[in-house]
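Shown next: upload_31.txt, containing compact mmCIF, C-alpha atoms.
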```
# COMPACT_ATOMS: atom_id res chain seq x y z
CA MET K 1 23.78 27.48 14.32
CA SER K 2 24.36 25.51 11.12
CA GLU K 3 22.55 22.21 10.56
CA PRO K 4 25.75 20.04 10.75
CA ALA K 5 26.73 21.74 14.03
CA LEU K 6 23.26 21.12 15.45
CA LEU K 7 23.28 17.44 14.48
CA SER K 8 26.76 16.95 15.90
CA ARG K 9 25.47 17.94 19.32
CA LEU K 10 22.59 15.47 19.26
CA ASP K 11 22.55 11.79 20.07
CA LEU K 12 20.54 10.27 17.22
CA ASN K 13 19.45 7.52 19.64
CA LEU K 14 17.10 10.22 20.95
CA LEU K 15 15.16 9.82 17.70
CA VAL K 16 14.40 6.20 18.63
CA SER K 17 13.33 7.24 22.13
CA LEU K 18 11.18 10.05 20.74
CA ASP K 19 9.43 7.70 18.31
CA ALA K 20 8.66 5.23 21.12
CA LEU K 21 7.34 7.99 23.40
CA LEU K 22 5.14 9.43 20.64
CA THR K 23 3.81 5.96 19.79
CA GLU K 24 3.25 4.63 23.32
CA ARG K 25 2.41 7.95 25.03
CA SER K 26 3.85 6.49 28.21
CA VAL K 27 7.38 6.39 29.60
CA THR K 28 6.75 2.94 31.08
CA ARG K 29 5.39 1.38 27.89
CA ALA K 30 7.99 3.11 25.72
CA ALA K 31 10.78 1.79 27.94
CA GLU K 32 9.33 -1.74 27.70
CA SER K 33 9.08 -1.54 23.90
CA LEU K 34 12.76 -0.51 23.68
CA ARG K 35 13.83 -2.93 26.43
CA LEU K 36 15.30 -0.06 28.43
CA SER K 37 14.95 0.79 32.11
CA GLN K 38 12.38 3.44 32.97
CA PRO K 39 15.05 5.79 34.46
CA ALA K 40 17.07 5.56 31.23
CA LEU K 41 14.09 6.56 29.10
CA SER K 42 13.10 9.27 31.58
CA ALA K 43 16.58 10.74 31.10
CA SER K 44 16.05 10.72 27.31
CA LEU K 45 12.69 12.43 27.76
CA ALA K 46 14.35 15.13 29.89
CA ARG K 47 16.90 15.77 27.13
CA LEU K 48 14.15 15.93 24.51
CA ARG K 49 12.17 18.38 26.63
CA ALA K 50 15.22 20.59 27.01
CA HIS K 51 16.00 20.48 23.29
CA PHE K 52 12.46 21.25 22.09
CA ASN K 53 11.52 23.45 25.07
CA ASP K 54 8.28 21.47 25.23
CA PRO K 55 7.07 18.85 27.74
CA ILE K 56 6.24 16.33 24.91
CA LEU K 57 4.07 14.36 27.37
CA ALA K 58 1.66 16.27 29.61
CA ARG K 59 -0.23 14.72 32.51
CA ARG K 60 -4.01 14.73 32.23
CA GLY K 61 -5.48 13.18 35.39
CA ASN K 62 -4.04 9.69 35.73
CA THR K 63 -2.74 9.51 32.15
CA TYR K 64 -0.35 11.34 29.85
CA GLU K 65 -1.23 13.01 26.56
CA LEU K 66 0.93 14.32 23.75
CA THR K 67 1.24 18.08 23.63
CA PRO K 68 0.10 19.84 20.44
CA PHE K 69 3.76 20.27 19.48
CA ALA K 70 4.43 16.54 20.02
CA LEU K 71 1.44 15.66 17.83
CA ARG K 72 3.00 17.74 15.02
CA LEU K 73 6.25 15.83 15.47
CA THR K 74 4.66 12.40 15.04
CA ASP K 75 4.71 12.12 11.23
CA HIS K 76 8.12 13.80 10.94
CA THR K 77 9.64 11.44 13.49
CA THR K 78 8.35 8.32 11.76
CA THR K 79 9.66 9.54 8.40
CA ALA K 80 13.06 10.54 9.85
CA LEU K 81 13.48 7.22 11.66
CA GLU K 82 12.59 5.28 8.53
CA ALA K 83 15.05 7.35 6.48
CA ALA K 84 17.82 6.75 9.02
CA ARG K 85 17.10 3.03 8.98
CA ARG K 86 17.37 2.97 5.20
CA VAL K 87 20.71 4.80 5.30
CA PHE K 88 22.29 2.21 7.57
CA GLU K 89 20.64 -0.75 5.81
CA SER K 90 21.99 0.35 2.41
CA ARG K 91 24.68 -1.70 0.73
CA ALA K 92 27.07 -1.00 -2.07
CA ALA K 93 26.10 -2.13 -5.56
CA GLY K 94 26.70 -5.81 -6.19
CA SER K 95 26.23 -7.04 -2.62
CA PHE K 96 22.48 -7.69 -2.74
CA ALA K 97 22.81 -11.45 -2.27
CA GLN K 98 23.61 -10.76 1.41
CA SER K 99 21.01 -8.02 1.86
CA THR K 100 18.57 -8.26 4.78
CA ARG K 101 16.50 -5.25 3.74
CA GLU K 102 12.75 -5.17 4.15
CA PHE K 103 10.85 -3.53 1.28
CA SER K 104 7.46 -2.05 2.16
CA ILE K 105 4.89 -2.02 -0.66
CA TYR K 106 1.39 -0.52 -0.73
CA GLY K 107 -1.25 -2.04 -3.01
CA SER K 108 -4.61 -3.80 -3.27
CA ASP K 109 -5.21 -7.51 -2.80
CA TYR K 110 -5.29 -7.72 -6.61
CA GLY K 111 -1.63 -6.70 -6.81
CA PHE K 112 -0.68 -8.87 -3.84
CA ALA K 113 -2.33 -11.97 -5.33
CA THR K 114 -0.75 -11.54 -8.76
CA ILE K 115 2.65 -9.86 -8.89
CA GLY K 116 3.39 -9.97 -5.16
CA PRO K 117 4.05 -13.72 -4.89
CA VAL K 118 6.12 -13.71 -8.08
CA ALA K 119 8.36 -10.84 -6.93
CA SER K 120 8.85 -12.36 -3.47
CA ARG K 121 9.69 -15.75 -5.01
CA LEU K 122 12.28 -14.22 -7.33
CA ALA K 123 13.80 -12.34 -4.40
CA SER K 124 14.03 -15.48 -2.25
CA GLU K 125 15.94 -17.24 -5.03
CA ARG K 126 18.46 -14.43 -5.47
CA SER K 127 18.70 -12.75 -2.08
CA PRO K 128 17.20 -14.99 0.64
CA GLY K 129 17.62 -12.36 3.36
CA VAL K 130 15.39 -9.80 1.63
CA ARG K 131 11.90 -9.41 3.14
CA PHE K 132 8.70 -7.80 1.88
CA ARG K 133 5.95 -6.08 3.81
CA PHE K 134 2.81 -5.81 1.65
CA MET K 135 0.33 -3.29 3.04
CA LEU K 136 -3.21 -2.70 1.79
CA HIS K 137 -3.69 0.86 0.63
CA THR K 138 -6.80 2.92 1.31
CA PRO K 139 -8.24 5.84 -0.66
CA ALA K 140 -6.61 8.16 1.91
CA VAL K 141 -3.19 6.55 1.31
CA VAL K 142 -3.52 6.93 -2.47
CA GLU K 143 -4.57 10.57 -2.15
CA ASP K 144 -1.51 11.24 0.06
CA ALA K 145 0.86 9.05 -1.97
CA SER K 146 3.50 11.74 -2.53
CA ASN K 147 4.02 11.97 1.23
CA ARG K 148 3.47 8.31 2.12
CA LEU K 149 6.01 7.12 -0.44
CA ARG K 150 8.78 9.10 1.20
CA SER K 151 8.94 6.48 3.96
CA VAL K 152 7.52 3.47 2.05
CA ASP K 153 9.33 1.86 -0.87
CA ALA K 154 6.61 1.67 -3.50
CA MET K 155 2.95 1.33 -4.43
CA ILE K 156 1.39 -1.05 -6.96
CA LEU K 157 -1.38 0.88 -8.71
CA PRO K 158 -2.76 1.29 -12.25
CA HIS K 159 -2.17 4.49 -14.17
CA GLY K 160 -4.80 7.17 -13.75
CA PHE K 161 -4.52 7.92 -10.03
CA LEU K 162 -1.01 9.27 -9.41
CA ALA K 163 1.13 11.96 -11.01
CA ASP K 164 4.53 13.58 -10.45
CA LEU K 165 6.01 10.35 -9.06
CA SER K 166 8.52 7.93 -10.54
CA PHE K 167 7.14 4.68 -11.96
CA THR K 168 7.87 1.61 -14.02
CA ASP K 169 5.15 -0.17 -15.99
CA LEU K 170 4.47 -3.77 -14.96
CA TRP K 171 1.73 -5.43 -17.05
CA HIS K 172 -1.51 -4.80 -18.93
CA ASP K 173 -4.73 -6.43 -17.80
CA ASP K 174 -8.32 -6.63 -19.03
CA TRP K 175 -11.68 -6.73 -17.26
CA VAL K 176 -14.21 -9.56 -17.05
CA ALA K 177 -17.43 -10.10 -15.13
CA VAL K 178 -18.34 -12.75 -12.58
CA VAL K 179 -21.87 -14.01 -11.98
CA ALA K 180 -23.47 -16.85 -10.09
CA ASP K 181 -23.66 -20.22 -11.87
CA ASP K 182 -27.44 -20.22 -11.44
CA ASN K 183 -28.05 -16.60 -12.45
CA PRO K 184 -31.10 -16.98 -14.74
CA HIS K 185 -30.56 -13.65 -16.50
CA VAL K 186 -27.03 -14.17 -17.85
CA GLY K 187 -25.99 -16.57 -20.59
CA ASP K 188 -22.47 -17.06 -21.90
CA ARG K 189 -21.86 -13.33 -21.76
CA LEU K 190 -23.41 -10.17 -20.37
CA GLU K 191 -25.64 -8.07 -22.59
CA MET K 192 -25.75 -4.28 -22.56
CA ALA K 193 -29.28 -4.43 -21.16
CA ASP K 194 -28.00 -6.43 -18.18
CA LEU K 195 -25.78 -3.53 -17.10
CA GLY K 196 -28.80 -1.35 -16.43
CA THR K 197 -31.06 -3.96 -14.84
CA LEU K 198 -28.92 -6.34 -12.75
CA PRO K 199 -27.48 -5.34 -9.37
CA PHE K 200 -23.72 -4.89 -9.02
CA VAL K 201 -20.93 -5.56 -6.56
CA LEU K 202 -18.31 -2.85 -7.10
CA THR K 203 -14.89 -2.19 -5.60
CA TYR K 204 -13.72 1.21 -4.34
CA ALA K 205 -16.82 3.03 -5.57
CA SER K 206 -16.39 6.61 -4.37
CA ARG K 207 -15.58 9.98 -5.86
CA SER K 208 -11.82 9.56 -5.41
CA ALA K 209 -11.52 5.75 -5.49
CA PHE K 210 -12.99 3.76 -8.36
CA THR K 211 -12.19 1.28 -11.09
CA SER K 212 -11.81 2.37 -14.68
CA VAL K 213 -14.36 -0.17 -15.90
CA SER K 214 -17.12 1.10 -13.59
CA ARG K 215 -16.46 4.64 -14.81
CA GLN K 216 -16.60 3.41 -18.38
CA ILE K 217 -20.06 1.93 -17.78
CA GLN K 218 -21.20 5.35 -16.56
CA GLN K 219 -19.65 6.98 -19.62
CA LEU K 220 -21.80 4.66 -21.74
CA GLY K 221 -24.83 6.34 -20.17
CA ILE K 222 -25.62 3.53 -17.71
CA GLU K 223 -25.86 4.10 -13.98
CA PRO K 224 -25.26 0.69 -12.39
CA ARG K 225 -27.51 -0.39 -9.53
CA ILE K 226 -25.03 -0.95 -6.70
CA ASP K 227 -25.93 -3.49 -4.02
CA VAL K 228 -22.51 -3.86 -2.38
CA VAL K 229 -19.23 -1.94 -2.31
CA VAL K 230 -16.19 -3.87 -1.04
CA GLU K 231 -12.55 -2.75 -0.94
CA SER K 232 -11.28 -6.18 -1.96
CA PHE K 233 -11.15 -7.83 -5.36
CA LEU K 234 -10.56 -11.34 -4.01
CA SER K 235 -13.64 -11.30 -1.80
CA LEU K 236 -15.91 -9.89 -4.53
CA PRO K 237 -16.99 -13.32 -5.93
CA HIS K 238 -18.35 -14.31 -2.51
CA PHE K 239 -20.80 -11.39 -2.69
CA VAL K 240 -21.92 -12.59 -6.15
CA ARG K 241 -22.46 -16.29 -5.37
CA GLY K 242 -26.12 -17.23 -4.90
CA THR K 243 -27.39 -13.85 -6.10
CA GLU K 244 -28.32 -12.09 -9.34
CA ARG K 245 -25.41 -9.64 -8.87
CA VAL K 246 -22.65 -8.85 -11.34
CA GLY K 247 -19.05 -8.29 -10.23
CA LEU K 248 -16.18 -6.79 -12.21
CA ILE K 249 -12.64 -8.14 -11.79
CA GLN K 250 -9.34 -8.17 -13.64
CA SER K 251 -8.57 -11.03 -16.04
CA ALA K 252 -5.49 -12.02 -14.01
CA LEU K 253 -7.82 -12.84 -11.10
CA ALA K 254 -10.23 -14.86 -13.23
CA PRO K 255 -8.56 -18.24 -12.43
CA MET K 256 -8.82 -17.50 -8.71
CA ALA K 257 -12.43 -16.37 -9.02
CA GLY K 258 -13.21 -19.56 -10.93
CA GLU K 259 -12.07 -21.57 -7.93
CA VAL K 260 -14.95 -20.15 -5.87
CA SER K 261 -17.80 -22.64 -6.08
CA GLY K 262 -21.00 -21.36 -7.64
CA ILE K 263 -19.24 -18.69 -9.72
CA ARG K 264 -18.57 -18.35 -13.44
CA VAL K 265 -16.59 -15.82 -15.43
CA VAL K 266 -18.25 -14.15 -18.43
CA ASP K 267 -17.23 -11.53 -20.99
CA LEU K 268 -18.37 -7.93 -20.89
CA PRO K 269 -20.65 -6.63 -23.67
CA PHE K 270 -18.24 -3.80 -24.55
CA ALA K 271 -14.50 -3.38 -25.03
CA ALA K 272 -13.25 -2.25 -21.63
CA THR K 273 -10.18 -0.02 -21.59
CA PRO K 274 -7.25 -2.19 -20.44
CA LEU K 275 -5.46 -1.50 -17.17
CA LEU K 276 -1.80 -0.59 -17.18
CA ASN K 277 -0.44 -1.58 -13.77
CA ALA K 278 2.69 0.17 -12.53
CA LEU K 279 5.08 0.33 -9.60
CA TRP K 280 5.26 3.89 -8.19
CA TRP K 281 7.87 5.37 -5.86
CA HIS K 282 9.03 8.73 -4.57
CA PRO K 283 12.05 10.27 -6.36
CA VAL K 284 13.91 10.30 -3.03
CA HIS K 285 14.56 6.55 -3.63
CA GLU K 286 15.79 7.02 -7.19
CA ARG K 287 19.53 6.61 -6.54
CA ASP K 288 19.25 3.87 -3.92
CA PRO K 289 20.98 0.78 -5.49
CA GLU K 290 18.90 -1.72 -3.52
CA HIS K 291 15.70 0.08 -4.43
CA ALA K 292 16.73 -0.06 -8.09
CA TRP K 293 17.32 -3.80 -7.66
CA MET K 294 13.82 -4.16 -6.21
CA ARG K 295 12.30 -2.17 -9.09
CA ALA K 296 14.00 -4.39 -11.67
CA LEU K 297 12.70 -7.43 -9.78
CA PHE K 298 9.12 -6.17 -10.04
CA ALA K 299 9.54 -5.39 -13.73
CA GLU K 300 10.64 -8.99 -14.28
CA ALA K 301 7.74 -10.26 -12.18
CA GLY K 302 5.36 -8.13 -14.28
CA ALA K 303 6.48 -10.00 -17.39
CA VAL K 304 5.63 -13.28 -15.64
CA VAL K 305 2.14 -12.03 -14.78
CA ALA K 306 1.64 -10.73 -18.33
CA ALA K 307 2.46 -14.22 -19.65
CA GLY K 308 -0.14 -15.72 -17.31
CA ASP K 309 2.47 -17.84 -15.51
CA HIS K 310 1.64 -16.34 -12.10
CA ALA K 311 -1.38 -18.62 -11.76
CA ALA K 312 0.70 -21.81 -11.99
```

Translate the structure of the given file into structure tokens.
Amino acid sequence: MSEPALLSRLDLNLLVSLDALLTERSVTRAAESLRLSQPALSASLARLRAHFNDPILARRGNTYELTPFALRLTDHTTTALEAARRVFESRAAGSFAQSTREFSIYGSDYGFATIGPVASRLASERSPGVRFRFMLHTPAVVEDASNRLRSVDAMILPHGFLADLSFTDLWHDDWVAVVADDNPHVGDRLEMADLGTLPFVLTYASRSAFTSVSRQIQQLGIEPRIDVVVESFLSLPHFVRGTERVGLIQSALAPMAGEVSGIRVVDLPFAATPLLNALWWHPVHERDPEHAWMRALFAEAGAVVAAGDHAA
């Protein structure tokens, strides 16, 4: 049977029911989440079982569990439902002022504290119905970006981690260090000797997740003494305050770090390679007019961050 003929025989509302059943793993809870009666959802489950020739939910004692086949369906169902939602949320070019679309963006708190507020402010001025969902990425999300970005609009991430995805450059940034006000070992700037003797707070320090500046220190032949690893740039200064530790943050965050009492920002003793931050997306979104509008919005917001106006 051809694909169009197969789809014509299916009620695509079953996709919504299937997603709820896979998420809740209970007919009762799935019915409540969809605000349907339990008999109505039971009827949908019966149709799904007949279509897939699989029970989907199997009783184990007093509870239900997903069958192995249903577990394999989970990611596909989420992606398909998100794609269907995007199809019916799409608008023709030129009608973005009335758009109510929600754009989902992965990134770190660095991106959310800098370009995120600027982009959302520009959107609210031009298309008040547009919403953003900013989601913190993890190393696992970045490693699986080509798949994750099929159902998510974009990811804010510097160059050097992703390939074979569409992108637009946003802004360059530099690196600085933060130390405690009363750190007796550091003057107006760090010295090369400090890098090998003082303890560090680093962000994303693992084999697959790291910052370019920490790798550069290693390339200079220095293995930093790591006291703390934290997957947050904004919280890093709090792990430096009152200690002899050194933290490394982006220049765009320096004004925010300076607002933390007991902290001062100092220069590095070497020329750190600048960051080039970018917005990444899957090519499946390339021809979506609203997605293109969102990408242009972020490019404009990147110019604001580059000018330093984001901190105002």

* Asked: Which is closest to K:Val176 among K:Ala84, K:Ala299, K:Leu66, K:Val213, if we use only C-alpha atoms?
  ->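 For K:Val176, the nearest of the candidates is K:Val213.
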
* **Neighbour list for K:Asp169 as a PyMOL selection string, cut-off 8 Å, all atoms listed in the file, skip fewer than 4 positions in-chain** => chain K and resi 276-279+299

I want to know what sits within 7 Å of stretch 100-116 of chain K, based on only C-alpha atoms, with residues of the same chain fewer than 3 positions away left out; could you give that as a JSON list (two decimals) with C-alpha atoms, in the coordinates of the input?
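As a result, out-v4.json now contains:
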```
[["chain", "number", "residue", "atom", "x", "y", "z"],
["K", 89, "GLU", "CA", 20.64, -0.75, 5.81],
["K", 119, "ALA", "CA", 8.36, -10.84, -6.93],
["K", 120, "SER", "CA", 8.85, -12.36, -3.47],
["K", 129, "GLY", "CA", 17.62, -12.36, 3.36],
["K", 130, "VAL", "CA", 15.39, -9.80, 1.63],
["K", 131, "ARG", "CA", 11.90, -9.41, 3.14],
["K", 132, "PHE", "CA", 8.70, -7.80, 1.88],
["K", 133, "ARG", "CA", 5.95, -6.08, 3.81],
["K", 134, "PHE", "CA", 2.81, -5.81, 1.65],
["K", 135, "MET", "CA", 0.33, -3.29, 3.04],
["K", 136, "LEU", "CA", -3.21, -2.70, 1.79],
["K", 137, "HIS", "CA", -3.69, 0.86, 0.63],
["K", 152, "VAL", "CA", 7.52, 3.47, 2.05],
["K", 153, "ASP", "CA", 9.33, 1.86, -0.87],
["K", 154, "ALA", "CA", 6.61, 1.67, -3.50],
["K", 155, "MET", "CA", 2.95, 1.33, -4.43],
["K", 156, "ILE", "CA", 1.39, -1.05, -6.96],
["K", 157, "LEU", "CA", -1.38, 0.88, -8.71],
["K", 232, "SER", "CA", -11.28, -6.18, -1.96],
["K", 233, "PHE", "CA", -11.15, -7.83, -5.36],
["K", 234, "LEU", "CA", -10.56, -11.34, -4.01],
["K", 301, "ALA", "CA", 7.74, -10.26, -12.18],
["K", 302, "GLY", "CA", 5.36, -8.13, -14.28],
["K", 305, "VAL", "CA", 2.14, -12.03, -14.78],
["K", 310, "HIS", "CA", 1.64, -16.34, -12.10]]
```

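Excluding K:Asp267 itself and same-chain residues fewer than 3 positions from it, the residues having an atom within 9 Å of it are K:Trp175, K:Val176, K:Ala177, K:Val178, K:Asp188, K:Arg189, K:Leu190, K:Phe270, counting all atoms listed in the file.
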
* Structure fact -> K:Gly221 proximity check over K:Met192, K:Leu165, K:Val118, K:Ala20, using all atoms listed in the file: winner is K:Met192

* Can you pull out every residue within 12 Å of K:Val284, counting only C-alpha atoms, but drop anything in the same chain fewer than 6 positions away, and send it as number ranges by chain? => K: 83, 86, 146-154, 165-166, 291-292

* Excluding K:Thr211 and residues on its chain fewer than 3 positions from it, collect all residues at most 10 Å away from it, counting all atoms listed in the file, and give them as a list of chain:residue names. =>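 Answer for this query is K:Pro158, K:Gly160, K:Leu202, K:Thr203, K:Tyr204, K:Ala205, K:Ser206, K:Ser214, K:Arg215, K:Gln216, K:Leu248, K:Ile249, K:Leu275.
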
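Between atom CA of K:Arg59 and atom CA of K:Arg35 the interatomic distance comes to 23.4 Å.
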